[in-house]
Amino acid sequence: MANERARTGGSTDTTAIPHWYDPDSSVPTIVEGEDATVFDDSGTAYLDFQSQLYCVNAGHSNEAIVEAMTEQARRIPYVSSAKHNDTRSALAGRLGEIAPGSLSDVYFAISGSEANETAAQIARVVKDAPKVLTRWQSYHGGTAGAGSLTGDPDTRATLERHAATTGAGKFLPPLPECFDADSPEDLAEQAADHVEFVIRNEGADSVAAILMEPIAGTSGAYTAPPGYFERLREICDEYDVLLISDEVIAGFGRCGEWFGIDTEGVDPDMITFAKGVTSAYVPLAGVVVDEGIGETVRADSFDLGQTFAGHPVGCAAGLAAIEEYEGGLIDNVAEVGPHLESRLRDLEDEYDVVDTVRGRGLLWSVVFADSESGEPLFDPLGTEEGENPVAAVRSAAQEQGTLFGAGRPDVQVIVSPPLCVTEAEIDEAVDALSAGIEETFGG
Ligand code: PMP
């Protein structure tokens with residue numbers, strides 16, 4: 001809202017831009033888009049390798065989605081979320097078809113934060129237990145409830161400035177720096193054992209669920225080592241704890257399959273979704289739950305709901321977007337994803353400051369570190385704003401015509417183009433990133 005006020009009247013004041021925009025970059029005013037390209041108010045084109053906020057999966061100005069939204073708005077734009085609507089039911093049915101395992105019942109929300117809060121609430125009701133455990137280095141939303149699930153220190157610091165959040169327990173992510181493991185399999189085992197340790201120490205009876213991104217989003221596109229999720233599924237079953245997969249970024253083809261967890265070969269008890277469900281053409285989110293959970297919730301006096309949850313125009317956009325994903329966009333991830341991966345891995349070989357490249361499908365992080373010590377180049381908790389060389393890399397890449405994302409902590413460049421991206425666009429974007437690295441660190 002504040003952002004919008006600054007823009008009205010043609011002001012170029014960017015003081016109202018959220019802090020997670022690079023403070024030292026000029027933030028373009030985006031006015032138009034087509035496929036993987038956006039245009040600013042002076043007509044300059046940029047390749048959108050952030051899909052805005054990792055959400056415009058079907059690309060900009062997709063006619064089929066716009067048509068579906070328009071048709072719905074003409075027929076009936078809004079129907080109470082406490083009544084039935086044909087478009088909403090149709091989308092719920094489609095989501096049940098594409099969701100893993102026996103997930104079938106859908107509870108709609110508006111944003112990813114609310115979807116995660118809804119999932120946490122459902123878990124508490126179903127298990128009659130208060131705690132939902134999450135990972136450090138995670139992002140699950142910025143509202144008070146979802147923010148307490150988030151493990152990113154910036155979000156927590158903001159939320160906890162004046163009041164403690166509800167204190168959801170946290171465990172370590174399966175990252176090599178968190179454990180002393182000698183192989184990916186060993187890392188998976190140690191990291192899963194650690195989750196078991198945390199559940200036991202929190203008191204298994206008090207833990208309703210563990211909630212995780214199958215592939216981290218803004219925390220840096222890290223994936224789980226092989227066997228990690230399988231072991232977690234066993235631990236959840238053993239301690240009667242629900243496993244919830246936050247698919248807000250990883251879902252809807254972003255990582256090569258419908259949902260990020262599909263690649264891990266386990267069925268979660270719930271998934272949460274937002275962003276890509278409508279390709280961000282209109283806000284829509286929700287939770288898909290196992291049918292047994294759905295029955296328990298229906299039998300309970302569970303009384304939560306939001307006016308705009310499952311908005312029919314959003315549901316129409318969702319149905320059309322899913323058709324686009326199924327009609328070729330997910331196949332395109334399989335086709336161009338390996339090219340993006342190999343171009344990014346070349347950066348690892350080419351530049352000493354590129355420490356790691358990690359991700360899957362069309363969600364990647366290029367992590368920077370001091371070439372000698374291996375330490376992060378920027379201490380996000382300690383350094384003055386504006387001194388971050390990783391932000392300078394992104395600014396320089398933007399000058400070259402490509403927009404990339406910032407990670408949390410901001411020691412990385414997040415690469416996440418729309419699913420319609422071409423190999424030629426990938427080449428152009430990675431060349432822009434190389435130019436940004438050379439301009440910042442020298443060739
Ligand atoms: N979960 C994940 C994994 C996210 O990345 C985000 C937002 N980036 C959210 C939840 C919160 O979604 P929203 O911003 O729509 O509330």
# chains A, B, ... in the order shown; residues from 1 in each chain; ligands from 1

$ residues_around --residues "range 252-254 of chain A" --least-positions-apart "2" --cutoff "8 Å" --atoms "only C-alpha atoms" --output "list in words"
Asn57, Ile249, Ala250, Gly256, Glu257, Trp258, Phe259, Gly260, Gly276, Val277, Ile322, Tyr325, Leu329, Ile330, Val333, Gly361, Leu362, Leu363 and Leu419 of chain A

$ closest_atom_pairs --of "chain A" --to "ligand 1" --cutoff "6 Å" --atoms "only C-alpha atoms and all ligand atoms" --output "Markdown table"
| residue | atom | partner | partner_atom_place_in_ligand_line | distance |
| --- | --- | --- | --- | --- |
| A:Ser111 | CA | ligand 1 | 15 (O) | 3.8 |
| A:Gly112 | CA | ligand 1 | 12 (O) | 3.2 |
| A:Ser113 | CA | ligand 1 | 16 (O) | 3.6 |
| A:Tyr139 | CA | ligand 1 | 2 (C) | 5.2 |
| A:His140 | CA | ligand 1 | 1 (N) | 3.7 |
| A:Gly141 | CA | ligand 1 | 11 (C) | 3.7 |
| A:Glu213 | CA | ligand 1 | 3 (C) | 5.8 |
| A:Gly217 | CA | ligand 1 | 5 (O) | 5.4 |
| A:Thr218 | CA | ligand 1 | 5 (O) | 5.9 |
| A:Asp246 | CA | ligand 1 | 3 (C) | 5.7 |
| A:Val248 | CA | ligand 1 | 2 (C) | 4.8 |
| A:Ile249 | CA | ligand 1 | 3 (C) | 5.2 |

$ residues_around --residues "range 32-45 of chain A" --least-positions-apart "6" --cutoff "10 Å" --atoms "only C-alpha atoms" --output "ChimeraX atom specification"
/A:51-52,56-62,401-403,417-422,425

$ write_last_selection --atoms "C-alpha atoms" --output "PDB file, in the first residue's frame"
ATOM      1  CA  SER A  51       9.336 -14.716 -11.958  1.00  0.00           C
ATOM      2  CA  GLN A  52       8.689 -11.595  -9.849  1.00  0.00           C
ATOM      3  CA  VAL A  56       4.595 -16.072 -12.375  1.00  0.00           C
ATOM      4  CA  ASN A  57       5.210 -19.657 -13.439  1.00  0.00           C
ATOM      5  CA  ALA A  58       3.216 -19.520 -16.686  1.00  0.00           C
ATOM      6  CA  GLY A  59       4.931 -16.304 -17.775  1.00  0.00           C
ATOM      7  CA  HIS A  60       3.500 -12.837 -18.175  1.00  0.00           C
ATOM      8  CA  SER A  61       0.348 -12.027 -20.155  1.00  0.00           C
ATOM      9  CA  ASN A  62      -0.773 -15.595 -20.695  1.00  0.00           C
ATOM     10  CA  GLY A 401      18.926  -6.644 -18.680  1.00  0.00           C
ATOM     11  CA  THR A 402      18.150  -9.545 -16.305  1.00  0.00           C
ATOM     12  CA  LEU A 403      16.364  -9.470 -12.955  1.00  0.00           C
ATOM     13  CA  PRO A 417      12.574 -17.918 -14.504  1.00  0.00           C
ATOM     14  CA  PRO A 418       9.008 -18.559 -15.681  1.00  0.00           C
ATOM     15  CA  LEU A 419       8.430 -22.129 -16.887  1.00  0.00           C
ATOM     16  CA  CYS A 420       8.053 -20.927 -20.501  1.00  0.00           C
ATOM     17  CA  VAL A 421      11.703 -19.766 -20.611  1.00  0.00           C
ATOM     18  CA  THR A 422      13.799 -20.717 -23.659  1.00  0.00           C
ATOM     19  CA  GLU A 425      16.905 -16.648 -22.757  1.00  0.00           C
TER      20      GLU A 425
END

$ closest_residue --among "A:Val353, A:Ile215, A:Ala209, A:Val411" --to "Ile437 in chain A" --atoms "only C-alpha atoms"
A:Val353

$ atom_distance --atom1 "CA of Pro100 in chain A" --atom2 "CA of Ala129 in chain A"
25.0 Å

$ residues_around --residues "range 339-342 of chain A" --least-positions-apart "3" --cutoff "10 Å" --atoms "only C-alpha atoms" --output "list in words"
Val333, Ala334, Glu335, Val336, Arg345, Asp346, Leu347, Glu348, Val357, Arg358, Gly359, Arg360, Gly361, Leu362, Leu363, Trp364, Val415, Ser416, Pro417, Thr422, Glu423, Glu425, Ile426, Asp427, Ala429 and Val430 of chain A

$ select_by_dssp --residues "range 16-126 of chain A" --states "helix (DSSP H, G or I)" --output "ChimeraX atom specification"
/A:51-54,63-75,86-98,112-126

$ write_last_selection --atoms "C-alpha atoms" --output "PDB file, in the first residue's frame"
ATOM      1  CA  SER A  51       9.336 -14.716 -11.958  1.00  0.00           C
ATOM      2  CA  GLN A  52       8.689 -11.595  -9.849  1.00  0.00           C
ATOM      3  CA  LEU A  53       8.507 -13.396  -6.483  1.00  0.00           C
ATOM      4  CA  TYR A  54       8.985 -16.962  -7.767  1.00  0.00           C
ATOM      5  CA  GLU A  63      -3.958 -15.186 -22.754  1.00  0.00           C
ATOM      6  CA  ALA A  64      -5.632 -18.416 -21.603  1.00  0.00           C
ATOM      7  CA  ILE A  65      -5.395 -17.386 -17.938  1.00  0.00           C
ATOM      8  CA  VAL A  66      -6.569 -13.822 -18.629  1.00  0.00           C
ATOM      9  CA  GLU A  67      -9.516 -15.176 -20.685  1.00  0.00           C
ATOM     10  CA  ALA A  68     -10.560 -17.580 -17.939  1.00  0.00           C
ATOM     11  CA  MET A  69     -10.463 -14.829 -15.315  1.00  0.00           C
ATOM     12  CA  THR A  70     -12.433 -12.456 -17.540  1.00  0.00           C
ATOM     13  CA  GLU A  71     -15.072 -15.069 -18.320  1.00  0.00           C
ATOM     14  CA  GLN A  72     -15.498 -15.823 -14.608  1.00  0.00           C
ATOM     15  CA  ALA A  73     -15.692 -12.137 -13.681  1.00  0.00           C
ATOM     16  CA  ARG A  74     -18.427 -11.611 -16.307  1.00  0.00           C
ATOM     17  CA  ARG A  75     -20.437 -14.661 -15.164  1.00  0.00           C
ATOM     18  CA  ASP A  86     -18.801 -24.551  -9.612  1.00  0.00           C
ATOM     19  CA  THR A  87     -15.382 -23.071 -10.455  1.00  0.00           C
ATOM     20  CA  ARG A  88     -14.140 -23.512  -6.898  1.00  0.00           C
ATOM     21  CA  SER A  89     -15.296 -27.133  -6.813  1.00  0.00           C
ATOM     22  CA  ALA A  90     -13.686 -27.784 -10.198  1.00  0.00           C
ATOM     23  CA  LEU A  91     -10.332 -26.421  -9.014  1.00  0.00           C
ATOM     24  CA  ALA A  92     -10.536 -28.418  -5.768  1.00  0.00           C
ATOM     25  CA  GLY A  93     -11.139 -31.529  -7.883  1.00  0.00           C
ATOM     26  CA  ARG A  94      -8.156 -30.758 -10.131  1.00  0.00           C
ATOM     27  CA  LEU A  95      -5.889 -30.131  -7.136  1.00  0.00           C
ATOM     28  CA  GLY A  96      -6.929 -33.476  -5.667  1.00  0.00           C
ATOM     29  CA  GLU A  97      -5.947 -35.145  -8.957  1.00  0.00           C
ATOM     30  CA  ILE A  98      -2.477 -33.635  -9.177  1.00  0.00           C
ATOM     31  CA  GLY A 112       0.874 -18.605   1.357  1.00  0.00           C
ATOM     32  CA  SER A 113       1.151 -17.301   4.925  1.00  0.00           C
ATOM     33  CA  GLU A 114      -2.519 -18.000   5.535  1.00  0.00           C
ATOM     34  CA  ALA A 115      -2.279 -21.408   3.880  1.00  0.00           C
ATOM     35  CA  ASN A 116       0.486 -22.380   6.318  1.00  0.00           C
ATOM     36  CA  GLU A 117      -1.449 -21.018   9.281  1.00  0.00           C
ATOM     37  CA  THR A 118      -4.473 -23.010   8.138  1.00  0.00           C
ATOM     38  CA  ALA A 119      -2.376 -26.167   7.805  1.00  0.00           C
ATOM     39  CA  ALA A 120      -0.914 -25.639  11.280  1.00  0.00           C
ATOM     40  CA  GLN A 121      -4.390 -25.125  12.694  1.00  0.00           C
ATOM     41  CA  ILE A 122      -5.731 -28.249  10.994  1.00  0.00           C
ATOM     42  CA  ALA A 123      -2.774 -30.248  12.345  1.00  0.00           C
ATOM     43  CA  ARG A 124      -3.416 -28.997  15.885  1.00  0.00           C
ATOM     44  CA  VAL A 125      -7.086 -29.932  15.679  1.00  0.00           C
ATOM     45  CA  VAL A 126      -6.459 -33.344  14.143  1.00  0.00           C
TER      46      VAL A 126
END

$ residues_around --residues "Asp105 in chain A" --least-positions-apart "6" --cutoff "10 Å" --atoms "only C-alpha atoms" --output "mmCIF file with N, CA and C atoms, in the first residue's frame"
data_model
loop_
_atom_site.group_PDB
_atom_site.id
_atom_site.type_symbol
_atom_site.label_atom_id
_atom_site.label_comp_id
_atom_site.auth_asym_id
_atom_site.auth_seq_id
_atom_site.Cartn_x
_atom_site.Cartn_y
_atom_site.Cartn_z
ATOM 1 N N ALA A 92 -10.831 -27.478 -6.874
ATOM 2 C CA ALA A 92 -10.536 -28.418 -5.768
ATOM 3 C C ALA A 92 -10.365 -29.829 -6.332
ATOM 4 N N GLY A 93 -11.233 -30.199 -7.271
ATOM 5 C CA GLY A 93 -11.139 -31.529 -7.883
ATOM 6 C C GLY A 93 -9.826 -31.706 -8.623
ATOM 7 N N LEU A 95 -7.013 -30.092 -8.088
ATOM 8 C CA LEU A 95 -5.889 -30.131 -7.136
ATOM 9 C C LEU A 95 -5.778 -31.515 -6.504
ATOM 10 N N GLY A 96 -6.931 -32.115 -6.209
ATOM 11 C CA GLY A 96 -6.929 -33.476 -5.667
ATOM 12 C C GLY A 96 -6.294 -34.455 -6.642
ATOM 13 N N MET A 270 -0.209 -33.345 4.224
ATOM 14 C CA MET A 270 -0.833 -32.128 3.684
ATOM 15 C C MET A 270 0.207 -31.425 2.815
ATOM 16 N N VAL A 287 -4.670 -25.381 1.247
ATOM 17 C CA VAL A 287 -4.072 -26.594 1.796
ATOM 18 C C VAL A 287 -4.808 -27.778 1.187
ATOM 19 N N VAL A 288 -4.077 -28.776 0.721
ATOM 20 C CA VAL A 288 -4.714 -30.030 0.305
ATOM 21 C C VAL A 288 -4.365 -31.060 1.370
ATOM 22 N N VAL A 289 -5.390 -31.723 1.891
ATOM 23 C CA VAL A 289 -5.162 -32.650 3.007
ATOM 24 C C VAL A 289 -5.598 -34.061 2.639
ATOM 25 N N ASP A 290 -5.027 -34.984 3.315
ATOM 26 C CA ASP A 290 -5.379 -36.397 3.204
ATOM 27 C C ASP A 290 -6.872 -36.558 3.542
ATOM 28 N N GLU A 291 -7.547 -37.514 2.863
ATOM 29 C CA GLU A 291 -9.005 -37.595 3.049
ATOM 30 C C GLU A 291 -9.394 -37.940 4.489
ATOM 31 N N GLY A 292 -8.539 -38.694 5.185
ATOM 32 C CA GLY A 292 -8.815 -39.012 6.588
ATOM 33 C C GLY A 292 -8.785 -37.746 7.437
ATOM 34 N N ILE A 293 -7.828 -36.885 7.148
ATOM 35 C CA ILE A 293 -7.750 -35.611 7.880
ATOM 36 C C ILE A 293 -8.995 -34.786 7.583
ATOM 37 N N GLY A 294 -9.396 -34.769 6.310
ATOM 38 C CA GLY A 294 -10.599 -34.037 5.911
ATOM 39 C C GLY A 294 -11.806 -34.496 6.721
ATOM 40 N N GLU A 295 -11.933 -35.820 6.898
ATOM 41 C CA GLU A 295 -13.077 -36.349 7.652
ATOM 42 C C GLU A 295 -13.040 -35.876 9.099
#

$ atom_distance --atom1 "CA of Gln306 in chain A" --atom2 "CA of Ser80 in chain A"
9.4 Å

$ residues_around --residues "Asp352 in chain A" --least-positions-apart "3" --cutoff "9 Å" --atoms "only C-alpha atoms" --output "PyMOL selection string"
chain A and resi 347-349+355+368-372

$ closest_residue --among "A:Pro184, A:Gly407, A:Gly151, A:Gly327" --to "Gln50 in chain A" --atoms "only C-alpha atoms"
A:Gly407

$ residues_around --residues "Val366 in chain A" --least-positions-apart "3" --cutoff "7 Å" --atoms "only C-alpha atoms" --output "ChimeraX atom specification"
/A:354,356-358,412-414

$ closest_residue --among "A:Asp48, A:Asp262, A:Glu202, A:Glu196" --to "Leu232 in chain A" --atoms "only C-alpha atoms"
A:Glu196

$ closest_residue --among "A:Glu230, A:Glu264, A:Trp136, A:Phe404" --to "Asp154 in chain A" --atoms "only C-alpha atoms"
A:Trp136

$ atom_distance --atom1 "CA of Thr134 in chain A" --atom2 "CA of Leu211 in chain A"
5.2 Å
